[in-house]
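Here is the file entry-v5.tsv (TSV, C-alpha atoms and all ligand atoms).
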chain	number	residue	atom	x	y	z
A	1	MET	CA	0.00	0.00	0.00
A	2	MET	CA	1.32	3.39	-0.99
A	3	ASN	CA	1.46	6.19	1.57
A	4	THR	CA	-0.74	9.29	1.28
A	5	LYS	CA	2.05	11.67	0.31
A	6	MET	CA	3.11	9.42	-2.57
A	7	GLN	CA	-0.51	8.99	-3.68
A	8	THR	CA	-1.06	12.77	-3.76
A	9	ALA	CA	2.14	13.29	-5.77
A	10	ILE	CA	1.09	10.64	-8.31
A	11	ASN	CA	-2.42	12.07	-8.60
A	12	ASP	CA	-0.86	15.48	-9.32
A	13	GLN	CA	1.27	13.96	-12.07
A	14	ILE	CA	-1.75	12.18	-13.58
A	15	GLN	CA	-3.44	15.59	-13.86
A	16	LYS	CA	-0.35	17.05	-15.56
A	17	GLU	CA	-0.17	14.20	-18.08
A	18	PHE	CA	-3.86	14.58	-18.94
A	19	TYR	CA	-3.41	18.34	-19.24
A	20	SER	CA	-0.50	17.65	-21.62
A	21	ALA	CA	-2.87	15.52	-23.70
A	22	TYR	CA	-5.44	18.32	-23.70
A	23	LEU	CA	-2.80	20.89	-24.69
A	24	TYR	CA	-1.54	18.80	-27.62
A	25	LEU	CA	-5.09	18.11	-28.73
A	26	ALA	CA	-5.73	21.88	-28.83
A	27	MET	CA	-2.50	22.35	-30.80
A	28	SER	CA	-3.52	19.57	-33.18
A	29	ALA	CA	-6.88	21.24	-33.85
A	30	TYR	CA	-5.16	24.59	-34.39
A	31	CYS	CA	-2.79	23.03	-36.97
A	32	GLU	CA	-5.70	21.36	-38.74
A	33	GLU	CA	-7.42	24.78	-38.91
A	34	SER	CA	-4.16	26.21	-40.32
A	35	ASN	CA	-4.03	23.55	-43.08
A	36	LEU	CA	-0.97	21.89	-41.56
A	37	SER	CA	-2.42	18.41	-41.39
A	38	GLY	CA	0.98	16.72	-40.88
A	39	PHE	CA	1.68	18.80	-37.77
A	40	ALA	CA	-1.90	18.08	-36.69
A	41	LYS	CA	-1.32	14.33	-37.08
A	42	TRP	CA	1.96	14.43	-35.15
A	43	LEU	CA	0.30	16.31	-32.29
A	44	LYS	CA	-2.69	13.96	-32.27
A	45	VAL	CA	-0.33	11.00	-31.84
A	46	GLN	CA	1.31	12.98	-29.04
A	47	TYR	CA	-2.12	13.49	-27.45
A	48	HIS	CA	-2.61	9.70	-27.41
A	49	GLU	CA	0.84	9.22	-25.86
A	50	GLU	CA	0.05	11.64	-23.07
A	51	MET	CA	-3.23	9.85	-22.33
A	52	GLU	CA	-1.20	6.63	-22.06
A	53	HIS	CA	1.22	8.32	-19.65
A	54	GLY	CA	-1.68	9.37	-17.43
A	55	MET	CA	-3.16	5.86	-17.59
A	56	LYS	CA	0.16	4.23	-16.75
A	57	LEU	CA	0.40	6.27	-13.53
A	58	MET	CA	-3.26	5.64	-12.73
A	59	GLU	CA	-2.92	1.88	-13.20
A	60	HIS	CA	0.12	1.79	-10.93
A	61	LEU	CA	-1.79	3.69	-8.26
A	62	LEU	CA	-4.73	1.26	-8.52
A	63	GLU	CA	-2.46	-1.80	-8.50
A	64	ARG	CA	-0.96	-0.58	-5.24
A	65	GLY	CA	-4.34	-0.08	-3.58
A	66	GLY	CA	-4.15	3.73	-3.86
A	67	LYS	CA	-6.97	6.22	-4.31
A	68	VAL	CA	-7.30	7.88	-7.70
A	69	THR	CA	-8.40	11.51	-7.42
A	70	LEU	CA	-8.65	13.19	-10.79
A	71	GLY	CA	-8.16	16.96	-10.65
A	72	ALA	CA	-9.77	19.62	-12.84
A	73	LEU	CA	-8.13	20.36	-16.17
A	74	ALA	CA	-7.54	23.99	-17.16
A	75	ALA	CA	-8.60	25.04	-20.65
A	76	PRO	CA	-5.59	25.10	-22.98
A	77	PRO	CA	-5.09	28.08	-25.32
A	78	SER	CA	-6.77	27.91	-28.72
A	79	GLU	CA	-4.24	30.05	-30.59
A	80	PHE	CA	-0.57	29.10	-30.84
A	81	GLY	CA	0.98	31.46	-33.38
A	82	THR	CA	3.48	30.14	-35.94
A	83	PRO	CA	4.73	26.53	-35.86
A	84	LEU	CA	8.03	27.89	-34.53
A	85	VAL	CA	6.31	29.66	-31.63
A	86	MET	CA	4.16	26.58	-31.00
A	87	PHE	CA	7.09	24.14	-30.88
A	88	THR	CA	8.99	26.50	-28.61
A	89	GLU	CA	6.01	26.00	-26.27
A	90	VAL	CA	6.03	22.22	-26.81
A	91	LEU	CA	9.69	22.02	-25.77
A	92	LYS	CA	9.10	24.30	-22.79
A	93	HIS	CA	6.17	22.17	-21.71
A	94	GLU	CA	8.17	18.94	-21.98
A	95	GLU	CA	10.99	20.47	-19.92
A	96	TYR	CA	8.39	21.36	-17.31
A	97	ILE	CA	7.08	17.76	-17.34
A	98	THR	CA	10.63	16.41	-17.01
A	99	ALA	CA	11.12	18.62	-13.93
A	100	ASN	CA	7.83	17.26	-12.50
A	101	ILE	CA	8.89	13.65	-13.11
A	102	ASN	CA	12.23	14.34	-11.43
A	103	GLU	CA	10.44	15.86	-8.42
A	104	LEU	CA	8.13	12.86	-8.27
A	105	TYR	CA	11.18	10.61	-8.25
A	106	GLU	CA	12.59	12.65	-5.37
A	107	VAL	CA	9.37	12.01	-3.43
A	108	ALA	CA	9.63	8.27	-4.19
A	109	LEU	CA	13.23	8.30	-2.89
A	110	ALA	CA	12.31	10.23	0.26
A	111	GLU	CA	9.30	7.97	0.91
A	112	LYS	CA	11.36	4.84	0.14
A	113	ASP	CA	8.71	3.75	-2.35
A	114	TYR	CA	10.74	1.32	-4.45
A	115	PRO	CA	7.96	0.21	-6.84
A	116	VAL	CA	7.30	3.86	-7.78
A	117	GLN	CA	11.02	4.36	-8.34
A	118	VAL	CA	11.07	1.41	-10.75
A	119	MET	CA	7.90	2.60	-12.52
A	120	LEU	CA	9.34	6.10	-12.90
A	121	GLN	CA	12.47	4.79	-14.63
A	122	TRP	CA	10.27	4.37	-17.70
A	123	PHE	CA	9.08	7.98	-17.47
A	124	ILE	CA	12.62	9.30	-17.00
A	125	THR	CA	13.71	7.55	-20.20
A	126	GLU	CA	10.54	8.66	-21.99
A	127	GLN	CA	11.21	12.31	-21.10
A	128	VAL	CA	14.62	12.14	-22.80
A	129	GLU	CA	12.81	11.07	-25.98
A	130	GLU	CA	10.04	13.67	-25.53
A	131	GLU	CA	12.53	16.53	-25.22
A	132	SER	CA	14.65	15.18	-28.06
A	133	ASN	CA	11.65	14.96	-30.44
A	134	ALA	CA	10.48	18.49	-29.60
A	135	THR	CA	14.02	19.86	-29.98
A	136	THR	CA	14.49	18.21	-33.38
A	137	ILE	CA	11.27	19.68	-34.75
A	138	LEU	CA	12.03	23.09	-33.27
A	139	GLU	CA	15.50	23.11	-34.84
A	140	GLN	CA	14.05	22.03	-38.19
A	141	LEU	CA	11.54	24.90	-37.98
A	142	LYS	CA	14.43	27.30	-37.39
A	143	LEU	CA	16.07	25.97	-40.57
A	144	VAL	CA	12.80	26.32	-42.48
A	145	GLY	CA	12.54	30.01	-41.58
A	146	ASP	CA	10.19	31.80	-44.00
A	147	ASN	CA	10.47	29.12	-46.70
A	148	LYS	CA	6.85	27.97	-47.24
A	149	GLY	CA	7.90	25.07	-49.49
A	150	ALA	CA	10.19	23.72	-46.79
A	151	LEU	CA	7.37	24.06	-44.25
A	152	ILE	CA	5.08	21.97	-46.48
A	153	MET	CA	7.83	19.33	-46.77
A	154	LEU	CA	8.24	19.20	-43.00
A	155	ASP	CA	4.46	18.99	-42.61
A	156	LYS	CA	4.41	15.96	-44.92
A	157	GLU	CA	7.21	14.31	-42.95
A	158	LEU	CA	5.52	14.86	-39.58
A	159	GLY	CA	2.31	13.42	-41.00
A	160	GLN	CA	4.10	10.05	-41.30
A	161	ARG	CA	4.14	9.61	-37.52
A	162	GLN	CA	2.35	6.41	-36.53
A	163	ASP	CA	0.30	5.80	-33.39
B	201	LIG	FE1	3.98	12.74	-20.70
B	201	LIG	FE2	5.13	14.51	-22.91
B	201	LIG	O1	5.29	13.83	-21.24
Any chance you could put this one into structure tokens?
Amino acid sequence: MMNTKMQTAINDQIQKEFYSAYLYLAMSAYCEESNLSGFAKWLKVQYHEEMEHGMKLMEHLLERGGKVTLGALAAPPSEFGTPLVMFTEVLKHEEYITANINELYEVALAEKDYPVQVMLQWFITEQVEEESNATTILEQLKLVGDNKGALIMLDKELGQRQD
């Protein structure tokens, strides 16, 4: 059985993962509205990934006899500016999530919750990939600059992302 402090920390992280999903879903819709269907697809896949992250934490909590308390989700923005501005936000958001995961790991260490430590190893590795993906796209957008043709090419490439 997990202690109350650990349960609260995990419930907080579940809320952040589901908010991440909500944020990327809003970004996906915005890209679709902007005729960037490849970006929209990439972000929709990301939305699904974030839902899975939230579920993974929730399932661990339930497996350990914990209490799931889902918090309210704030409304994400509906406008995100240019793809460059948007992916600057994506990277910033992922860095924020990495910091949250690291803090959660600190709680698991302090509370001597070994199963949570093991479970969080997966998230720590995943955050390296999350930040790397966002950085790559952001750097590509910097290379694209004002070149509309290059933006369309990148949109096509991002549209290849599979669930
Ligand atoms: Fe669940 Fe994108 O971190």
Discussion item. Just want the 12 Å neighbourhood of A:Lys56, counted on only C-alpha atoms, with same-chain residues fewer than 3 positions away dropped. Output as a ChimeraX atom specification.
Written reply: /A:10-11,13-14,17-18,49-53,59-63,116,119-120,122-123
Practice prompt. Using only C-alpha atoms and all ligand atoms, find the one residue out of A:Met55, A:Gln46, A:Gly38, A:Tyr22 that sits nearest to ligand LIG 201 (chain B).
Written response: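 For ligand LIG 201 (chain B), the nearest of the candidates is A:Gln46.
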Discussion item. Neighbours of ligand LIG 201 (chain B) at 10 Å or closer, counting all atoms listed in the file: which residues, as JSON, numbers by chain?
Written reply: {"A": [13, 14, 16, 17, 18, 19, 20, 21, 24, 46, 47, 48, 49, 50, 51, 52, 53, 54, 90, 91, 93, 94, 95, 96, 97, 98, 100, 101, 123, 124, 126, 127, 128, 129, 130, 131, 133, 134]}
Could you save the residues just selected, with C-alpha atoms, as a compact mmCIF listing (two decimals), in the coordinates of the input?
# COMPACT_ATOMS: atom_id res chain seq x y z
CA GLN A 13 1.27 13.96 -12.07
CA ILE A 14 -1.75 12.18 -13.58
CA LYS A 16 -0.35 17.05 -15.56
CA GLU A 17 -0.17 14.20 -18.08
CA PHE A 18 -3.86 14.58 -18.94
CA TYR A 19 -3.41 18.34 -19.24
CA SER A 20 -0.50 17.65 -21.62
CA ALA A 21 -2.87 15.52 -23.70
CA TYR A 24 -1.54 18.80 -27.62
CA GLN A 46 1.31 12.98 -29.04
CA TYR A 47 -2.12 13.49 -27.45
CA HIS A 48 -2.61 9.70 -27.41
CA GLU A 49 0.84 9.22 -25.86
CA GLU A 50 0.05 11.64 -23.07
CA MET A 51 -3.23 9.85 -22.33
CA GLU A 52 -1.20 6.63 -22.06
CA HIS A 53 1.22 8.32 -19.65
CA GLY A 54 -1.68 9.37 -17.43
CA VAL A 90 6.03 22.22 -26.81
CA LEU A 91 9.69 22.02 -25.77
CA HIS A 93 6.17 22.17 -21.71
CA GLU A 94 8.17 18.94 -21.98
CA GLU A 95 10.99 20.47 -19.92
CA TYR A 96 8.39 21.36 -17.31
CA ILE A 97 7.08 17.76 -17.34
CA THR A 98 10.63 16.41 -17.01
CA ASN A 100 7.83 17.26 -12.50
CA ILE A 101 8.89 13.65 -13.11
CA PHE A 123 9.08 7.98 -17.47
CA ILE A 124 12.62 9.30 -17.00
CA GLU A 126 10.54 8.66 -21.99
CA GLN A 127 11.21 12.31 -21.10
CA VAL A 128 14.62 12.14 -22.80
CA GLU A 129 12.81 11.07 -25.98
CA GLU A 130 10.04 13.67 -25.53
CA GLU A 131 12.53 16.53 -25.22
CA ASN A 133 11.65 14.96 -30.44
CA ALA A 134 10.48 18.49 -29.60
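With all atoms listed in the file as the atoms that count, the residue of A:Leu43, A:Tyr114, A:Glu32, A:Ser78 with the shortest distance to A:Arg161 is A:Leu43.
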Discussion item. Just the number, please: distance in Å from atom CA of A:Leu151 to atom CA of A:Pro77, one decimal.
Written reply: 23.0 Å
Fill in: Nearest to A:Lys148 by atom-to-atom distance, counting all atoms listed in the file, from A:Gly65, A:Pro83, A:Pro76, A:Gly71
A:Pro83
Worksheet item: For A:Asp146, which residue among A:Ala40, A:Leu84, A:Ala110, A:Glu103 is the nearest when counting all atoms listed in the file?
Response: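 Result for the nearest residue to A:Asp146: A:Leu84.
Of the residues under consideration (A:Ala99, A:Glu111, A:Ala72, A:Leu141), A:Leu141 shows the shortest atom-to-atom contact distance to A:Asp155 when counting all atoms listed in the file.
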Will you model all heavy atoms for stretch 127-138 of chain A and pass it back as a PDB file, keeping the file's coordinate frame?
ATOM      1  N   GLN A 127      11.037  10.855 -21.033  1.00  0.00           N
ATOM      2  CA  GLN A 127      11.210  12.310 -21.100  1.00  0.00           C
ATOM      3  C   GLN A 127      12.426  12.705 -21.940  1.00  0.00           C
ATOM      4  O   GLN A 127      12.418  13.759 -22.576  1.00  0.00           O
ATOM      5  CB  GLN A 127      11.273  12.925 -19.699  1.00  0.00           C
ATOM      6  CG  GLN A 127       9.915  13.108 -19.042  1.00  0.00           C
ATOM      7  CD  GLN A 127       8.864  13.727 -19.941  1.00  0.00           C
ATOM      8  OE1 GLN A 127       7.858  13.105 -20.242  1.00  0.00           O
ATOM      9  NE2 GLN A 127       9.078  14.955 -20.394  1.00  0.00           N
ATOM     10  N   VAL A 128      13.450  11.856 -21.950  1.00  0.00           N
ATOM     11  CA  VAL A 128      14.620  12.140 -22.800  1.00  0.00           C
ATOM     12  C   VAL A 128      14.155  12.154 -24.259  1.00  0.00           C
ATOM     13  O   VAL A 128      14.496  13.058 -25.026  1.00  0.00           O
ATOM     14  CB  VAL A 128      15.739  11.074 -22.585  1.00  0.00           C
ATOM     15  CG1 VAL A 128      16.874  11.266 -23.579  1.00  0.00           C
ATOM     16  CG2 VAL A 128      16.253  11.137 -21.155  1.00  0.00           C
ATOM     17  N   GLU A 129      13.316  11.162 -24.612  1.00  0.00           N
ATOM     18  CA  GLU A 129      12.810  11.070 -25.980  1.00  0.00           C
ATOM     19  C   GLU A 129      11.858  12.248 -26.285  1.00  0.00           C
ATOM     20  O   GLU A 129      11.930  12.836 -27.378  1.00  0.00           O
ATOM     21  CB  GLU A 129      12.077   9.736 -26.145  1.00  0.00           C
ATOM     22  CG  GLU A 129      11.783   9.397 -27.600  1.00  0.00           C
ATOM     23  CD  GLU A 129      10.871   8.190 -27.728  1.00  0.00           C
ATOM     24  OE1 GLU A 129      11.109   7.195 -27.008  1.00  0.00           O
ATOM     25  OE2 GLU A 129       9.918   8.257 -28.519  1.00  0.00           O
ATOM     26  N   GLU A 130      11.009  12.578 -25.338  1.00  0.00           N
ATOM     27  CA  GLU A 130      10.040  13.670 -25.530  1.00  0.00           C
ATOM     28  C   GLU A 130      10.772  14.990 -25.821  1.00  0.00           C
ATOM     29  O   GLU A 130      10.412  15.722 -26.739  1.00  0.00           O
ATOM     30  CB  GLU A 130       9.163  13.845 -24.288  1.00  0.00           C
ATOM     31  CG  GLU A 130       8.261  12.665 -23.976  1.00  0.00           C
ATOM     32  CD  GLU A 130       6.980  12.652 -24.770  1.00  0.00           C
ATOM     33  OE1 GLU A 130       7.043  12.385 -25.986  1.00  0.00           O
ATOM     34  OE2 GLU A 130       5.911  12.906 -24.191  1.00  0.00           O
ATOM     35  N   GLU A 131      11.783  15.272 -25.025  1.00  0.00           N
ATOM     36  CA  GLU A 131      12.530  16.530 -25.220  1.00  0.00           C
ATOM     37  C   GLU A 131      13.316  16.489 -26.528  1.00  0.00           C
ATOM     38  O   GLU A 131      13.415  17.492 -27.233  1.00  0.00           O
ATOM     39  CB  GLU A 131      13.474  16.777 -24.041  1.00  0.00           C
ATOM     40  CG  GLU A 131      12.752  17.249 -22.801  1.00  0.00           C
ATOM     41  CD  GLU A 131      13.701  17.785 -21.732  1.00  0.00           C
ATOM     42  OE1 GLU A 131      14.777  18.319 -22.081  1.00  0.00           O
ATOM     43  OE2 GLU A 131      13.368  17.646 -20.539  1.00  0.00           O
ATOM     44  N   SER A 132      13.866  15.322 -26.834  1.00  0.00           N
ATOM     45  CA  SER A 132      14.650  15.180 -28.060  1.00  0.00           C
ATOM     46  C   SER A 132      13.765  15.400 -29.303  1.00  0.00           C
ATOM     47  O   SER A 132      14.148  16.119 -30.235  1.00  0.00           O
ATOM     48  CB  SER A 132      15.297  13.789 -28.083  1.00  0.00           C
ATOM     49  OG  SER A 132      15.829  13.533 -29.347  1.00  0.00           O
ATOM     50  N   ASN A 133      12.577  14.792 -29.300  1.00  0.00           N
ATOM     51  CA  ASN A 133      11.650  14.960 -30.440  1.00  0.00           C
ATOM     52  C   ASN A 133      11.260  16.423 -30.624  1.00  0.00           C
ATOM     53  O   ASN A 133      11.284  16.942 -31.742  1.00  0.00           O
ATOM     54  CB  ASN A 133      10.365  14.153 -30.203  1.00  0.00           C
ATOM     55  CG  ASN A 133      10.590  12.659 -30.337  1.00  0.00           C
ATOM     56  OD1 ASN A 133      11.594  12.219 -30.895  1.00  0.00           O
ATOM     57  ND2 ASN A 133       9.670  11.876 -29.806  1.00  0.00           N
ATOM     58  N   ALA A 134      10.905  17.082 -29.523  1.00  0.00           N
ATOM     59  CA  ALA A 134      10.480  18.490 -29.600  1.00  0.00           C
ATOM     60  C   ALA A 134      11.647  19.362 -30.071  1.00  0.00           C
ATOM     61  O   ALA A 134      11.462  20.272 -30.888  1.00  0.00           O
ATOM     62  CB  ALA A 134       9.960  18.955 -28.244  1.00  0.00           C
ATOM     63  N   THR A 135      12.847  19.072 -29.591  1.00  0.00           N
ATOM     64  CA  THR A 135      14.020  19.860 -29.980  1.00  0.00           C
ATOM     65  C   THR A 135      14.309  19.697 -31.465  1.00  0.00           C
ATOM     66  O   THR A 135      14.585  20.677 -32.167  1.00  0.00           O
ATOM     67  CB  THR A 135      15.265  19.417 -29.159  1.00  0.00           C
ATOM     68  OG1 THR A 135      14.965  19.588 -27.770  1.00  0.00           O
ATOM     69  CG2 THR A 135      16.495  20.235 -29.510  1.00  0.00           C
ATOM     70  N   THR A 136      14.217  18.466 -31.959  1.00  0.00           N
ATOM     71  CA  THR A 136      14.490  18.210 -33.380  1.00  0.00           C
ATOM     72  C   THR A 136      13.536  19.015 -34.259  1.00  0.00           C
ATOM     73  O   THR A 136      13.957  19.697 -35.202  1.00  0.00           O
ATOM     74  CB  THR A 136      14.347  16.701 -33.702  1.00  0.00           C
ATOM     75  OG1 THR A 136      15.283  15.995 -32.893  1.00  0.00           O
ATOM     76  CG2 THR A 136      14.608  16.404 -35.166  1.00  0.00           C
ATOM     77  N   ILE A 137      12.250  18.954 -33.931  1.00  0.00           N
ATOM     78  CA  ILE A 137      11.270  19.680 -34.750  1.00  0.00           C
ATOM     79  C   ILE A 137      11.488  21.184 -34.644  1.00  0.00           C
ATOM     80  O   ILE A 137      11.440  21.908 -35.648  1.00  0.00           O
ATOM     81  CB  ILE A 137       9.824  19.277 -34.354  1.00  0.00           C
ATOM     82  CG1 ILE A 137       9.621  17.786 -34.641  1.00  0.00           C
ATOM     83  CG2 ILE A 137       8.792  20.122 -35.112  1.00  0.00           C
ATOM     84  CD1 ILE A 137       8.327  17.205 -34.119  1.00  0.00           C
ATOM     85  N   LEU A 138      11.779  21.655 -33.459  1.00  0.00           N
ATOM     86  CA  LEU A 138      12.030  23.090 -33.270  1.00  0.00           C
ATOM     87  C   LEU A 138      13.248  23.541 -34.083  1.00  0.00           C
ATOM     88  O   LEU A 138      13.202  24.572 -34.768  1.00  0.00           O
ATOM     89  CB  LEU A 138      12.259  23.369 -31.767  1.00  0.00           C
ATOM     90  CG  LEU A 138      12.499  24.819 -31.381  1.00  0.00           C
ATOM     91  CD1 LEU A 138      11.337  25.717 -31.812  1.00  0.00           C
ATOM     92  CD2 LEU A 138      12.718  24.940 -29.868  1.00  0.00           C
TER      93      LEU A 138
END
